[in-house]
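Notes follow the structure.
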Amino acid sequence: MGIKAVTFDLDDTLAFLRRDRSTILEEAAVSVGAPSLSRSAYLKAHRQHHDHETREAAFAEMLDATDREDIDPLHLARAYREGIGDSLEPLTGADRLLDRLSEHCLVGLVTNGPVIAQRDKLERLDWIDRFDTVVISGQVGVAKPDSRPFEVACDNLGVTADEVVHVGDHPVEDIRGALDAGMRAIHVGDDPEAIPDGVIHIHPDELVSTLPDHLPRLSPA
């Protein structure tokens with residue numbers, strides 16, 4: 001089968017933050033009068049609750065651990081979402097890359113995270129209608145590397161898994177998840193040692209210029 005679709009991860013693949021996430025988290029906590037919250041505690045709670053509509057459940061769990069039940073987790077979730085959104089910027093040339101790919105194949109997005117948070121990012125990037133399908137783990141109920149988000153993307157695009165290349169930064173969530181779902185995969189990041197043998201690796205700075213040239217290499221003759 002030839003390549004009929006390319007799906008992308010969002011965070012740290014097509015969009016990046018100008019500021020450190022730990023700093024944004026700390027500023028959000030201060031803004032609502034919450035105690036200091038660590039990035040590691042956030043990641044632990046987020047893994048348990050990123051199949052939700054918002055980050056409220058994750059922050060509620062974190063606040064419970066600090067005995068600060070007087071802080072509204074919804075307010076904290078909003079403050080953090082605003083901080084993330086204000087720092088978000090697209091990969092340089094991302095729109096040009098998506099335009100070029102769309103001339104030849106379907107283009108989708110498969111991203112982990114709560115629905116409201118991820119859609120807020122797409123709105124800020126002016127990408128709400130940019131993709132042929134957008135699959136958010138908060139909608140599906142399970143997150144990458146589970147195969148279900150990838151399967152939903154294939155169903156929405158009307159293609160089979162072996163006709164899709166998934167592009168992402170996370171060695172497990174994106175690369176291993178896509179491979180296990182039957183897709184091909186391309187890793188975007190700084191560390192090629194983190195990915196399985198045989199998977200194409202592209203540095204983020206080279207994604208726009210080189211990705212289209214790599215795709216024919218993944219199509220059987």
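In the structure tokens, each chain is lettered A, B, ... as it comes, each chain's residues begin at 1, and ligands are numbered from 1 in order of appearance.
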
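Omitting range 141-158 of chain A and its sequence neighbours fewer than 3 positions away, and counting only C-alpha atoms, the residues within 8 Å are Ala5, His50, Asp51, His52, Leu106, Gly108, Leu109, Val110, Thr111, Asn112, Gly113, Asp132, Thr133, Val134, Val135, Ile136, Ser137, Gly138, Ala161, Val164, Val172, Glu173, Asp174, Arg176, Gly177, Ala178, Asp180 and Ala181 of chain A.
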
### Message
List the spatial neighbours of Ser87 in chain A as a list in words - criterion: any atom at most 9 Å away, only C-alpha atoms, same-chain residues fewer than 4 positions off excluded.
### Response
Phe16, Leu17, Arg18, Arg19, Ile24, Glu82 and Gly83 of chain A

Take the residues just selected and output them with N, CA and C atoms as an mmCIF file, in the first residue's frame.
```cif
data_model
loop_
_atom_site.group_PDB
_atom_site.id
_atom_site.type_symbol
_atom_site.label_atom_id
_atom_site.label_comp_id
_atom_site.auth_asym_id
_atom_site.auth_seq_id
_atom_site.Cartn_x
_atom_site.Cartn_y
_atom_site.Cartn_z
ATOM 1 N N PHE A 16 5.457 24.376 19.789
ATOM 2 C CA PHE A 16 6.405 24.380 20.896
ATOM 3 C C PHE A 16 6.091 25.547 21.831
ATOM 4 N N LEU A 17 6.618 25.456 23.048
ATOM 5 C CA LEU A 17 6.460 26.530 24.020
ATOM 6 C C LEU A 17 7.726 27.375 24.088
ATOM 7 N N ARG A 18 7.543 28.677 24.165
ATOM 8 C CA ARG A 18 8.679 29.588 24.304
ATOM 9 C C ARG A 18 9.240 29.574 25.719
ATOM 10 N N ARG A 19 8.424 29.121 26.674
ATOM 11 C CA ARG A 19 8.816 29.163 28.084
ATOM 12 C C ARG A 19 8.743 27.778 28.698
ATOM 13 N N ILE A 24 5.574 28.001 33.928
ATOM 14 C CA ILE A 24 4.175 28.310 33.633
ATOM 15 C C ILE A 24 3.269 27.721 34.709
ATOM 16 N N GLU A 82 -4.174 29.151 30.076
ATOM 17 C CA GLU A 82 -3.845 30.467 29.529
ATOM 18 C C GLU A 82 -2.339 30.657 29.424
ATOM 19 N N GLY A 83 -1.623 30.206 30.445
ATOM 20 C CA GLY A 83 -0.176 30.341 30.414
ATOM 21 C C GLY A 83 0.454 29.536 29.290
#
```

Out of chain A, which residues get strand (DSSP E or B) from DSSP, as a PDB file with all heavy atoms, in the first residue's frame?
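For reference, selection09.pdb as written:
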```
ATOM      1  N   ALA A   5      -2.055   8.959   3.904  1.00  0.00           N
ATOM      2  CA  ALA A   5      -2.294   9.948   4.958  1.00  0.00           C
ATOM      3  C   ALA A   5      -1.060  10.086   5.843  1.00  0.00           C
ATOM      4  O   ALA A   5      -0.295   9.131   6.028  1.00  0.00           O
ATOM      5  CB  ALA A   5      -3.495   9.540   5.816  1.00  0.00           C
ATOM      6  N   VAL A   6      -0.896  11.279   6.370  1.00  0.00           N
ATOM      7  CA  VAL A   6       0.129  11.565   7.371  1.00  0.00           C
ATOM      8  C   VAL A   6      -0.572  12.143   8.587  1.00  0.00           C
ATOM      9  O   VAL A   6      -1.368  13.085   8.467  1.00  0.00           O
ATOM     10  CB  VAL A   6       1.180  12.565   6.856  1.00  0.00           C
ATOM     11  CG1 VAL A   6       2.204  12.869   7.952  1.00  0.00           C
ATOM     12  CG2 VAL A   6       1.880  12.030   5.616  1.00  0.00           C
ATOM     13  N   THR A   7      -0.315  11.560   9.758  1.00  0.00           N
ATOM     14  CA  THR A   7      -0.853  12.124  10.988  1.00  0.00           C
ATOM     15  C   THR A   7       0.299  12.666  11.827  1.00  0.00           C
ATOM     16  O   THR A   7       1.405  12.137  11.797  1.00  0.00           O
ATOM     17  CB  THR A   7      -1.642  11.082  11.808  1.00  0.00           C
ATOM     18  OG1 THR A   7      -0.789   9.975  12.137  1.00  0.00           O
ATOM     19  CG2 THR A   7      -2.850  10.592  11.025  1.00  0.00           C
ATOM     20  N   PHE A   8       0.007  13.714  12.571  1.00  0.00           N
ATOM     21  CA  PHE A   8       1.023  14.365  13.397  1.00  0.00           C
ATOM     22  C   PHE A   8       0.604  14.369  14.856  1.00  0.00           C
ATOM     23  O   PHE A   8      -0.590  14.459  15.183  1.00  0.00           O
ATOM     24  CB  PHE A   8       1.204  15.828  12.977  1.00  0.00           C
ATOM     25  CG  PHE A   8       1.901  16.037  11.662  1.00  0.00           C
ATOM     26  CD1 PHE A   8       1.169  16.114  10.485  1.00  0.00           C
ATOM     27  CD2 PHE A   8       3.280  16.174  11.603  1.00  0.00           C
ATOM     28  CE1 PHE A   8       1.799  16.321   9.261  1.00  0.00           C
ATOM     29  CE2 PHE A   8       3.919  16.379  10.387  1.00  0.00           C
ATOM     30  CZ  PHE A   8       3.180  16.457   9.212  1.00  0.00           C
ATOM     31  N   ASP A  11       2.025  18.601  20.391  1.00  0.00           N
ATOM     32  CA  ASP A  11       2.989  19.219  21.301  1.00  0.00           C
ATOM     33  C   ASP A  11       4.404  18.705  21.063  1.00  0.00           C
ATOM     34  O   ASP A  11       4.648  17.491  21.028  1.00  0.00           O
ATOM     35  CB  ASP A  11       2.579  18.946  22.748  1.00  0.00           C
ATOM     36  CG  ASP A  11       1.218  19.541  23.064  1.00  0.00           C
ATOM     37  OD1 ASP A  11       1.119  20.774  23.098  1.00  0.00           O
ATOM     38  OD2 ASP A  11       0.255  18.767  23.242  1.00  0.00           O
ATOM     39  N   ALA A  15       4.095  22.151  17.353  1.00  0.00           N
ATOM     40  CA  ALA A  15       4.009  23.380  18.145  1.00  0.00           C
ATOM     41  C   ALA A  15       4.889  23.245  19.379  1.00  0.00           C
ATOM     42  O   ALA A  15       5.030  22.153  19.946  1.00  0.00           O
ATOM     43  CB  ALA A  15       2.567  23.660  18.547  1.00  0.00           C
ATOM     44  N   PHE A  16       5.457  24.376  19.789  1.00  0.00           N
ATOM     45  CA  PHE A  16       6.405  24.380  20.896  1.00  0.00           C
ATOM     46  C   PHE A  16       6.091  25.547  21.831  1.00  0.00           C
ATOM     47  O   PHE A  16       5.411  26.501  21.452  1.00  0.00           O
ATOM     48  CB  PHE A  16       7.833  24.519  20.369  1.00  0.00           C
ATOM     49  CG  PHE A  16       8.273  23.358  19.513  1.00  0.00           C
ATOM     50  CD1 PHE A  16       7.936  23.308  18.173  1.00  0.00           C
ATOM     51  CD2 PHE A  16       9.003  22.323  20.062  1.00  0.00           C
ATOM     52  CE1 PHE A  16       8.328  22.236  17.380  1.00  0.00           C
ATOM     53  CE2 PHE A  16       9.408  21.253  19.285  1.00  0.00           C
ATOM     54  CZ  PHE A  16       9.064  21.202  17.938  1.00  0.00           C
ATOM     55  N   LEU A  17       6.618  25.456  23.048  1.00  0.00           N
ATOM     56  CA  LEU A  17       6.460  26.530  24.020  1.00  0.00           C
ATOM     57  C   LEU A  17       7.726  27.375  24.088  1.00  0.00           C
ATOM     58  O   LEU A  17       8.837  26.838  24.087  1.00  0.00           O
ATOM     59  CB  LEU A  17       6.152  25.962  25.408  1.00  0.00           C
ATOM     60  CG  LEU A  17       4.851  25.173  25.541  1.00  0.00           C
ATOM     61  CD1 LEU A  17       4.684  24.676  26.982  1.00  0.00           C
ATOM     62  CD2 LEU A  17       3.647  26.013  25.130  1.00  0.00           C
ATOM     63  N   LEU A  88       2.614  29.467  23.410  1.00  0.00           N
ATOM     64  CA  LEU A  88       2.620  28.502  22.306  1.00  0.00           C
ATOM     65  C   LEU A  88       2.946  29.171  20.972  1.00  0.00           C
ATOM     66  O   LEU A  88       2.472  30.263  20.670  1.00  0.00           O
ATOM     67  CB  LEU A  88       1.240  27.841  22.213  1.00  0.00           C
ATOM     68  CG  LEU A  88       1.095  26.648  21.273  1.00  0.00           C
ATOM     69  CD1 LEU A  88       1.851  25.447  21.815  1.00  0.00           C
ATOM     70  CD2 LEU A  88      -0.394  26.312  21.102  1.00  0.00           C
ATOM     71  N   GLU A  89       3.760  28.494  20.177  1.00  0.00           N
ATOM     72  CA  GLU A  89       4.022  28.976  18.832  1.00  0.00           C
ATOM     73  C   GLU A  89       4.217  27.776  17.901  1.00  0.00           C
ATOM     74  O   GLU A  89       4.675  26.713  18.327  1.00  0.00           O
ATOM     75  CB  GLU A  89       5.245  29.874  18.793  1.00  0.00           C
ATOM     76  CG  GLU A  89       6.521  29.239  19.243  1.00  0.00           C
ATOM     77  CD  GLU A  89       7.679  30.222  19.277  1.00  0.00           C
ATOM     78  OE1 GLU A  89       7.447  31.446  19.196  1.00  0.00           O
ATOM     79  OE2 GLU A  89       8.830  29.759  19.389  1.00  0.00           O
ATOM     80  N   PRO A  90       3.852  27.934  16.635  1.00  0.00           N
ATOM     81  CA  PRO A  90       3.992  26.817  15.702  1.00  0.00           C
ATOM     82  C   PRO A  90       5.440  26.595  15.308  1.00  0.00           C
ATOM     83  O   PRO A  90       6.268  27.506  15.380  1.00  0.00           O
ATOM     84  CB  PRO A  90       3.165  27.269  14.490  1.00  0.00           C
ATOM     85  CG  PRO A  90       3.276  28.765  14.522  1.00  0.00           C
ATOM     86  CD  PRO A  90       3.289  29.132  15.984  1.00  0.00           C
ATOM     87  N   LEU A 106      -4.009  12.929   2.714  1.00  0.00           N
ATOM     88  CA  LEU A 106      -4.787  13.416   3.838  1.00  0.00           C
ATOM     89  C   LEU A 106      -3.842  13.735   4.994  1.00  0.00           C
ATOM     90  O   LEU A 106      -2.786  13.107   5.137  1.00  0.00           O
ATOM     91  CB  LEU A 106      -5.805  12.362   4.277  1.00  0.00           C
ATOM     92  CG  LEU A 106      -6.834  11.958   3.221  1.00  0.00           C
ATOM     93  CD1 LEU A 106      -7.566  10.704   3.652  1.00  0.00           C
ATOM     94  CD2 LEU A 106      -7.828  13.101   2.990  1.00  0.00           C
ATOM     95  N   VAL A 107      -4.218  14.702   5.814  1.00  0.00           N
ATOM     96  CA  VAL A 107      -3.366  15.108   6.928  1.00  0.00           C
ATOM     97  C   VAL A 107      -4.204  15.152   8.204  1.00  0.00           C
ATOM     98  O   VAL A 107      -5.248  15.817   8.249  1.00  0.00           O
ATOM     99  CB  VAL A 107      -2.728  16.489   6.679  1.00  0.00           C
ATOM    100  CG1 VAL A 107      -1.846  16.878   7.863  1.00  0.00           C
ATOM    101  CG2 VAL A 107      -1.904  16.476   5.396  1.00  0.00           C
ATOM    102  N   GLY A 108      -3.767  14.427   9.225  1.00  0.00           N
ATOM    103  CA  GLY A 108      -4.509  14.373  10.471  1.00  0.00           C
ATOM    104  C   GLY A 108      -3.654  14.724  11.674  1.00  0.00           C
ATOM    105  O   GLY A 108      -2.426  14.880  11.574  1.00  0.00           O
ATOM    106  N   LEU A 109      -4.318  14.841  12.817  1.00  0.00           N
ATOM    107  CA  LEU A 109      -3.647  15.148  14.081  1.00  0.00           C
ATOM    108  C   LEU A 109      -4.116  14.136  15.116  1.00  0.00           C
ATOM    109  O   LEU A 109      -5.323  13.891  15.248  1.00  0.00           O
ATOM    110  CB  LEU A 109      -3.996  16.566  14.538  1.00  0.00           C
ATOM    111  CG  LEU A 109      -3.182  17.131  15.703  1.00  0.00           C
ATOM    112  CD1 LEU A 109      -1.794  17.534  15.220  1.00  0.00           C
ATOM    113  CD2 LEU A 109      -3.883  18.334  16.320  1.00  0.00           C
ATOM    114  N   VAL A 110      -3.172  13.542  15.844  1.00  0.00           N
ATOM    115  CA  VAL A 110      -3.489  12.604  16.924  1.00  0.00           C
ATOM    116  C   VAL A 110      -2.714  13.059  18.144  1.00  0.00           C
ATOM    117  O   VAL A 110      -1.484  12.948  18.198  1.00  0.00           O
ATOM    118  CB  VAL A 110      -3.110  11.154  16.554  1.00  0.00           C
ATOM    119  CG1 VAL A 110      -3.562  10.202  17.665  1.00  0.00           C
ATOM    120  CG2 VAL A 110      -3.746  10.740  15.227  1.00  0.00           C
ATOM    121  N   THR A 111      -3.410  13.601  19.133  1.00  0.00           N
ATOM    122  CA  THR A 111      -2.746  14.262  20.246  1.00  0.00           C
ATOM    123  C   THR A 111      -3.306  13.809  21.589  1.00  0.00           C
ATOM    124  O   THR A 111      -4.516  13.591  21.733  1.00  0.00           O
ATOM    125  CB  THR A 111      -2.873  15.793  20.112  1.00  0.00           C
ATOM    126  OG1 THR A 111      -2.296  16.424  21.254  1.00  0.00           O
ATOM    127  CG2 THR A 111      -4.327  16.226  20.003  1.00  0.00           C
ATOM    128  N   THR A 133      -8.671  15.326   9.995  1.00  0.00           N
ATOM    129  CA  THR A 133      -9.255  14.810  11.234  1.00  0.00           C
ATOM    130  C   THR A 133      -8.381  15.229  12.399  1.00  0.00           C
ATOM    131  O   THR A 133      -7.160  15.362  12.252  1.00  0.00           O
ATOM    132  CB  THR A 133      -9.393  13.274  11.219  1.00  0.00           C
ATOM    133  OG1 THR A 133     -10.148  12.852  12.364  1.00  0.00           O
ATOM    134  CG2 THR A 133      -8.048  12.577  11.245  1.00  0.00           C
ATOM    135  N   VAL A 134      -9.014  15.461  13.539  1.00  0.00           N
ATOM    136  CA  VAL A 134      -8.301  15.744  14.786  1.00  0.00           C
ATOM    137  C   VAL A 134      -8.800  14.746  15.824  1.00  0.00           C
ATOM    138  O   VAL A 134      -9.999  14.698  16.124  1.00  0.00           O
ATOM    139  CB  VAL A 134      -8.543  17.183  15.274  1.00  0.00           C
ATOM    140  CG1 VAL A 134      -7.949  17.377  16.670  1.00  0.00           C
ATOM    141  CG2 VAL A 134      -7.958  18.193  14.295  1.00  0.00           C
ATOM    142  N   VAL A 135      -7.899  13.953  16.362  1.00  0.00           N
ATOM    143  CA  VAL A 135      -8.244  12.969  17.384  1.00  0.00           C
ATOM    144  C   VAL A 135      -7.520  13.354  18.674  1.00  0.00           C
ATOM    145  O   VAL A 135      -6.295  13.416  18.709  1.00  0.00           O
ATOM    146  CB  VAL A 135      -7.844  11.540  16.958  1.00  0.00           C
ATOM    147  CG1 VAL A 135      -8.189  10.545  18.066  1.00  0.00           C
ATOM    148  CG2 VAL A 135      -8.544  11.158  15.663  1.00  0.00           C
ATOM    149  N   ILE A 136      -8.294  13.620  19.728  1.00  0.00           N
ATOM    150  CA  ILE A 136      -7.763  14.026  21.025  1.00  0.00           C
ATOM    151  C   ILE A 136      -8.061  12.918  22.023  1.00  0.00           C
ATOM    152  O   ILE A 136      -9.188  12.418  22.088  1.00  0.00           O
ATOM    153  CB  ILE A 136      -8.389  15.350  21.483  1.00  0.00           C
ATOM    154  CG1 ILE A 136      -8.120  16.452  20.446  1.00  0.00           C
ATOM    155  CG2 ILE A 136      -7.862  15.763  22.844  1.00  0.00           C
ATOM    156  CD1 ILE A 136      -8.868  17.750  20.715  1.00  0.00           C
ATOM    157  N   VAL A 164      -0.753   4.843   6.438  1.00  0.00           N
ATOM    158  CA  VAL A 164      -0.554   6.062   7.221  1.00  0.00           C
ATOM    159  C   VAL A 164       0.855   6.115   7.795  1.00  0.00           C
ATOM    160  O   VAL A 164       1.396   5.106   8.258  1.00  0.00           O
ATOM    161  CB  VAL A 164      -1.563   6.141   8.386  1.00  0.00           C
ATOM    162  CG1 VAL A 164      -1.396   7.462   9.144  1.00  0.00           C
ATOM    163  CG2 VAL A 164      -2.995   6.005   7.874  1.00  0.00           C
ATOM    164  N   VAL A 165       1.436   7.300   7.778  1.00  0.00           N
ATOM    165  CA  VAL A 165       2.680   7.578   8.494  1.00  0.00           C
ATOM    166  C   VAL A 165       2.346   8.541   9.633  1.00  0.00           C
ATOM    167  O   VAL A 165       1.721   9.583   9.402  1.00  0.00           O
ATOM    168  CB  VAL A 165       3.736   8.218   7.574  1.00  0.00           C
ATOM    169  CG1 VAL A 165       4.969   8.631   8.387  1.00  0.00           C
ATOM    170  CG2 VAL A 165       4.140   7.263   6.464  1.00  0.00           C
ATOM    171  N   HIS A 166       2.740   8.169  10.839  1.00  0.00           N
ATOM    172  CA  HIS A 166       2.548   9.067  11.979  1.00  0.00           C
ATOM    173  C   HIS A 166       3.875   9.728  12.323  1.00  0.00           C
ATOM    174  O   HIS A 166       4.914   9.069  12.392  1.00  0.00           O
ATOM    175  CB  HIS A 166       2.022   8.306  13.194  1.00  0.00           C
ATOM    176  CG  HIS A 166       1.804   9.189  14.385  1.00  0.00           C
ATOM    177  ND1 HIS A 166       0.782  10.123  14.441  1.00  0.00           N
ATOM    178  CD2 HIS A 166       2.491   9.312  15.558  1.00  0.00           C
ATOM    179  CE1 HIS A 166       0.837  10.770  15.591  1.00  0.00           C
ATOM    180  NE2 HIS A 166       1.865  10.301  16.285  1.00  0.00           N
ATOM    181  N   VAL A 167       3.826  11.035  12.578  1.00  0.00           N
ATOM    182  CA  VAL A 167       5.019  11.833  12.870  1.00  0.00           C
ATOM    183  C   VAL A 167       4.884  12.395  14.276  1.00  0.00           C
ATOM    184  O   VAL A 167       3.916  13.102  14.578  1.00  0.00           O
ATOM    185  CB  VAL A 167       5.178  12.981  11.852  1.00  0.00           C
ATOM    186  CG1 VAL A 167       6.448  13.769  12.141  1.00  0.00           C
ATOM    187  CG2 VAL A 167       5.171  12.454  10.425  1.00  0.00           C
ATOM    188  N   GLY A 168       5.845  12.074  15.143  1.00  0.00           N
ATOM    189  CA  GLY A 168       5.756  12.569  16.510  1.00  0.00           C
ATOM    190  C   GLY A 168       7.076  12.539  17.237  1.00  0.00           C
ATOM    191  O   GLY A 168       8.051  11.940  16.770  1.00  0.00           O
ATOM    192  N   ARG A 184       3.279   3.233   9.834  1.00  0.00           N
ATOM    193  CA  ARG A 184       4.688   3.579   9.787  1.00  0.00           C
ATOM    194  C   ARG A 184       4.883   4.811  10.662  1.00  0.00           C
ATOM    195  O   ARG A 184       3.921   5.484  10.989  1.00  0.00           O
ATOM    196  CB  ARG A 184       5.113   3.839   8.348  1.00  0.00           C
ATOM    197  CG  ARG A 184       4.932   2.601   7.464  1.00  0.00           C
ATOM    198  CD  ARG A 184       4.834   2.967   6.012  1.00  0.00           C
ATOM    199  NE  ARG A 184       4.631   1.769   5.204  1.00  0.00           N
ATOM    200  CZ  ARG A 184       3.681   1.633   4.306  1.00  0.00           C
ATOM    201  NH1 ARG A 184       2.835   2.604   4.081  1.00  0.00           N
ATOM    202  NH2 ARG A 184       3.564   0.523   3.603  1.00  0.00           N
ATOM    203  N   ALA A 185       6.125   5.089  11.012  1.00  0.00           N
ATOM    204  CA  ALA A 185       6.347   6.194  11.938  1.00  0.00           C
ATOM    205  C   ALA A 185       7.645   6.923  11.610  1.00  0.00           C
ATOM    206  O   ALA A 185       8.607   6.324  11.126  1.00  0.00           O
ATOM    207  CB  ALA A 185       6.400   5.682  13.382  1.00  0.00           C
ATOM    208  N   ILE A 186       7.641   8.224  11.891  1.00  0.00           N
ATOM    209  CA  ILE A 186       8.828   9.060  11.771  1.00  0.00           C
ATOM    210  C   ILE A 186       8.989   9.817  13.081  1.00  0.00           C
ATOM    211  O   ILE A 186       8.040  10.442  13.577  1.00  0.00           O
ATOM    212  CB  ILE A 186       8.714  10.044  10.592  1.00  0.00           C
ATOM    213  CG1 ILE A 186       8.764   9.284   9.253  1.00  0.00           C
ATOM    214  CG2 ILE A 186       9.817  11.095  10.648  1.00  0.00           C
ATOM    215  CD1 ILE A 186       8.609  10.166   8.031  1.00  0.00           C
ATOM    216  N   HIS A 187      10.191   9.754  13.633  1.00  0.00           N
ATOM    217  CA  HIS A 187      10.468  10.408  14.906  1.00  0.00           C
ATOM    218  C   HIS A 187      11.038  11.802  14.675  1.00  0.00           C
ATOM    219  O   HIS A 187      11.931  11.989  13.849  1.00  0.00           O
ATOM    220  CB  HIS A 187      11.467   9.579  15.711  1.00  0.00           C
ATOM    221  CG  HIS A 187      11.847  10.196  17.016  1.00  0.00           C
ATOM    222  ND1 HIS A 187      13.092  10.737  17.258  1.00  0.00           N
ATOM    223  CD2 HIS A 187      11.128  10.385  18.142  1.00  0.00           C
ATOM    224  CE1 HIS A 187      13.131  11.208  18.486  1.00  0.00           C
ATOM    225  NE2 HIS A 187      11.960  11.017  19.054  1.00  0.00           N
ATOM    226  N   VAL A 188      10.518  12.766  15.437  1.00  0.00           N
ATOM    227  CA  VAL A 188      11.018  14.137  15.402  1.00  0.00           C
ATOM    228  C   VAL A 188      11.597  14.459  16.772  1.00  0.00           C
ATOM    229  O   VAL A 188      10.902  14.360  17.782  1.00  0.00           O
ATOM    230  CB  VAL A 188       9.892  15.138  15.076  1.00  0.00           C
ATOM    231  CG1 VAL A 188      10.448  16.561  15.028  1.00  0.00           C
ATOM    232  CG2 VAL A 188       9.220  14.779  13.778  1.00  0.00           C
ATOM    233  N   ILE A 200      12.781   6.260  10.796  1.00  0.00           N
ATOM    234  CA  ILE A 200      13.424   7.488  10.327  1.00  0.00           C
ATOM    235  C   ILE A 200      13.393   8.537  11.432  1.00  0.00           C
ATOM    236  O   ILE A 200      12.363   8.744  12.086  1.00  0.00           O
ATOM    237  CB  ILE A 200      12.727   8.020   9.065  1.00  0.00           C
ATOM    238  CG1 ILE A 200      12.948   7.060   7.892  1.00  0.00           C
ATOM    239  CG2 ILE A 200      13.232   9.416   8.696  1.00  0.00           C
ATOM    240  CD1 ILE A 200      12.144   7.406   6.661  1.00  0.00           C
ATOM    241  N   HIS A 201      14.510   9.205  11.633  1.00  0.00           N
ATOM    242  CA  HIS A 201      14.619  10.268  12.623  1.00  0.00           C
ATOM    243  C   HIS A 201      14.892  11.589  11.914  1.00  0.00           C
ATOM    244  O   HIS A 201      15.739  11.662  11.014  1.00  0.00           O
ATOM    245  CB  HIS A 201      15.765   9.983  13.607  1.00  0.00           C
ATOM    246  CG  HIS A 201      16.123  11.157  14.459  1.00  0.00           C
ATOM    247  ND1 HIS A 201      15.416  11.495  15.596  1.00  0.00           N
ATOM    248  CD2 HIS A 201      17.108  12.090  14.327  1.00  0.00           C
ATOM    249  CE1 HIS A 201      15.972  12.580  16.123  1.00  0.00           C
ATOM    250  NE2 HIS A 201      16.983  12.959  15.379  1.00  0.00           N
ATOM    251  N   ILE A 202      14.161  12.639  12.313  1.00  0.00           N
ATOM    252  CA  ILE A 202      14.355  13.969  11.743  1.00  0.00           C
ATOM    253  C   ILE A 202      14.494  14.978  12.886  1.00  0.00           C
ATOM    254  O   ILE A 202      13.685  14.989  13.821  1.00  0.00           O
ATOM    255  CB  ILE A 202      13.168  14.390  10.850  1.00  0.00           C
ATOM    256  CG1 ILE A 202      12.925  13.369   9.733  1.00  0.00           C
ATOM    257  CG2 ILE A 202      13.406  15.766  10.253  1.00  0.00           C
ATOM    258  CD1 ILE A 202      11.710  13.684   8.876  1.00  0.00           C
TER     259      ILE A 202
END
```

### Message
Can you tell me which residues surround Arg96 in chain A at a distance of at most 10 Å, considering only C-alpha atoms, apart from same-chain residues fewer than 5 positions away, and format the answer as a list in words?
### Response
Leu101, Ser102, Val208 and Ser209 of chain A

### Message
I'd like the interatomic distance between CA of His104 in chain A and CA of Leu179 in chain A, to a tenth of an Å.
### Response
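That distance, rounded to one decimal, is 22.5 Å.
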
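Take the candidates A:Leu98, A:Val32, A:Leu10, A:Ala41 and check each one against Tyr80 in chain A using only C-alpha atoms; the shortest distance goes to A:Val32.
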
### Task
Find the residues near Leu74 in chain A: any atom within 10 Å, counting only C-alpha atoms, skip ones fewer than 5 places away on the same chain, and give them as a PyMOL selection string.
chain A and resi 54-60+79-80

Output of the above residues as a short mmCIF file (atom, residue, chain, number, x, y, z; two decimals), in the first residue's frame, restricted to N, CA and C atoms:
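Generated file (result_22.cif):
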```
data_model
loop_
_atom_site.label_atom_id
_atom_site.label_comp_id
_atom_site.auth_asym_id
_atom_site.auth_seq_id
_atom_site.Cartn_x
_atom_site.Cartn_y
_atom_site.Cartn_z
N THR A 54 -11.25 18.39 30.63
CA THR A 54 -10.36 19.46 31.06
C THR A 54 -9.29 18.90 32.00
N ARG A 55 -8.37 19.77 32.42
CA ARG A 55 -7.35 19.38 33.39
C ARG A 55 -7.86 19.48 34.83
N GLU A 56 -9.13 19.80 35.02
CA GLU A 56 -9.67 20.03 36.36
C GLU A 56 -9.42 18.84 37.29
N ALA A 57 -9.66 17.62 36.80
CA ALA A 57 -9.49 16.44 37.65
C ALA A 57 -8.04 16.25 38.06
N ALA A 58 -7.12 16.52 37.16
CA ALA A 58 -5.70 16.39 37.48
C ALA A 58 -5.30 17.39 38.55
N PHE A 59 -5.75 18.63 38.40
CA PHE A 59 -5.38 19.63 39.40
C PHE A 59 -6.10 19.39 40.73
N ALA A 60 -7.31 18.84 40.69
CA ALA A 60 -8.01 18.49 41.93
C ALA A 60 -7.22 17.46 42.71
N ALA A 79 -6.01 28.93 34.50
CA ALA A 79 -4.80 29.75 34.58
C ALA A 79 -3.64 29.05 33.86
N TYR A 80 -3.53 27.75 34.06
CA TYR A 80 -2.44 27.01 33.41
C TYR A 80 -2.66 26.96 31.89
#
```

### Task
Using DSSP on the backbone coordinates, identify all residues within range 16-219 of chain A classified as alpha helix (DSSP H); present the result as a PyMOL selection string.
chain A and resi 21-31+39-49+56-65+73-87+94-102+115-124+137-140+147-157+177-180+207-214

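With CA of Cys105 in chain A on one side and CA of Phe131 in chain A on the other, the separation reads 11.2 Å.
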
### Query
In Å, how far is it from CA of Arg39 in chain A to CA of Pro73 in chain A?
16.1 Å
